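Let me begin by presenting the structure, written as structure tokens, before commenting on it.
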Amino acid sequence: MPSSLIEVRREYTEAQEVALMDAVHDALVAAFKIPVEDRNVRVHTYRPHQMVHGTEPGVADSYTRVTIDCFSGRSLDAKRALYREVTQRLGELGVPPHNISILLRESPVENWAWDGQAACDRDLGFTVEV
């Protein structure tokens, strides 16, 4: 049940935004073994002056910040795989690896809920310990 936010500082077409979201989601499926239908990804575009990254001219134009909130419990190897997958997939879309920042925030399963029910009381349909 990861929730992902992709923050960028340049305009993308609708198709490009969908490709960015697909890339991050597909990386989560590959690395964290979440179900394909477990999709919760957003893109937020900032005007360049609203999102500062570095000082080298032109480099910051493709700066991309990926924040993923998820349940605690993934192994360090799974996290490393996620970072590689996200970086590779975004790279295939033209985002240079040095302009990708990933923040993984974990919280206990009991801190998530939907339909008024705590996630720890539900059958998630997948295992968190990968």
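By order in the structure tokens, chains are A, B, ...; within a chain, residues start at 1; ligands start at 1, following the order shown.
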Worksheet item: Can you list, as a PyMOL selection string, every residue of stretch 52-115 of chain A that DSSP puts in strand (DSSP E)?
Response: chain A and resi 64-71+100-107+113-114
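Shell of stretch 68-74 of chain A at 7 Å, with only C-alpha atoms counted and residues fewer than 3 places along the chain excluded, is Met1, Pro2, Ser3, Ser4, Leu5, Ala78, Lys79, Leu103, Leu104, Arg105, Glu106, Ser107, Pro108, Val109, Val128, Glu129 and Val130 of chain A.
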Stretch 36-85 of chain A: which residues are alpha helix (DSSP H) by DSSP, as a PDB file with N, CA and C atoms, in the first residue's frame?
```pdb
ATOM      1  N   LEU A  76      16.847  -4.226   3.787  1.00  0.00           N
ATOM      2  CA  LEU A  76      17.760  -3.270   3.171  1.00  0.00           C
ATOM      3  C   LEU A  76      17.981  -3.634   1.701  1.00  0.00           C
ATOM      4  N   ASP A  77      18.071  -4.919   1.392  1.00  0.00           N
ATOM      5  CA  ASP A  77      18.240  -5.337  -0.004  1.00  0.00           C
ATOM      6  C   ASP A  77      17.044  -4.911  -0.852  1.00  0.00           C
ATOM      7  N   ALA A  78      15.828  -5.028  -0.321  1.00  0.00           N
ATOM      8  CA  ALA A  78      14.640  -4.602  -1.060  1.00  0.00           C
ATOM      9  C   ALA A  78      14.662  -3.089  -1.281  1.00  0.00           C
ATOM     10  N   LYS A  79      15.107  -2.349  -0.287  1.00  0.00           N
ATOM     11  CA  LYS A  79      15.187  -0.891  -0.417  1.00  0.00           C
ATOM     12  C   LYS A  79      16.233  -0.499  -1.461  1.00  0.00           C
ATOM     13  N   ARG A  80      17.372  -1.160  -1.422  1.00  0.00           N
ATOM     14  CA  ARG A  80      18.403  -0.884  -2.429  1.00  0.00           C
ATOM     15  C   ARG A  80      17.890  -1.198  -3.825  1.00  0.00           C
ATOM     16  N   ALA A  81      17.168  -2.305  -3.949  1.00  0.00           N
ATOM     17  CA  ALA A  81      16.587  -2.673  -5.242  1.00  0.00           C
ATOM     18  C   ALA A  81      15.597  -1.600  -5.699  1.00  0.00           C
ATOM     19  N   LEU A  82      14.799  -1.076  -4.777  1.00  0.00           N
ATOM     20  CA  LEU A  82      13.849  -0.022  -5.115  1.00  0.00           C
ATOM     21  C   LEU A  82      14.588   1.209  -5.635  1.00  0.00           C
ATOM     22  N   TYR A  83      15.631   1.634  -4.953  1.00  0.00           N
ATOM     23  CA  TYR A  83      16.379   2.820  -5.377  1.00  0.00           C
ATOM     24  C   TYR A  83      16.954   2.616  -6.780  1.00  0.00           C
ATOM     25  N   ARG A  84      17.508   1.430  -7.035  1.00  0.00           N
ATOM     26  CA  ARG A  84      18.048   1.126  -8.373  1.00  0.00           C
ATOM     27  C   ARG A  84      16.947   1.145  -9.424  1.00  0.00           C
ATOM     28  N   GLU A  85      15.830   0.501  -9.104  1.00  0.00           N
ATOM     29  CA  GLU A  85      14.719   0.409 -10.059  1.00  0.00           C
ATOM     30  C   GLU A  85      14.156   1.792 -10.396  1.00  0.00           C
TER      31      GLU A  85
END
```
Fill in: All residues 9 Å or closer to A:Gln88, only C-alpha atoms, same chain fewer than 4 positions away omitted, as number ranges by chain
A: 23, 27, 83-84, 92-93, 97
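For the set A:Met21, A:Ile102, A:Asp26, A:Pro35, the residue with the smallest atom-to-atom gap to A:Arg65 is A:Ile102, counting only C-alpha atoms.
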Worksheet item: For A:Val95, which residue among A:Asp115, A:Asp123, A:Glu110, A:Asp61 is the nearest when counting only C-alpha atoms?
Response: A:Asp61
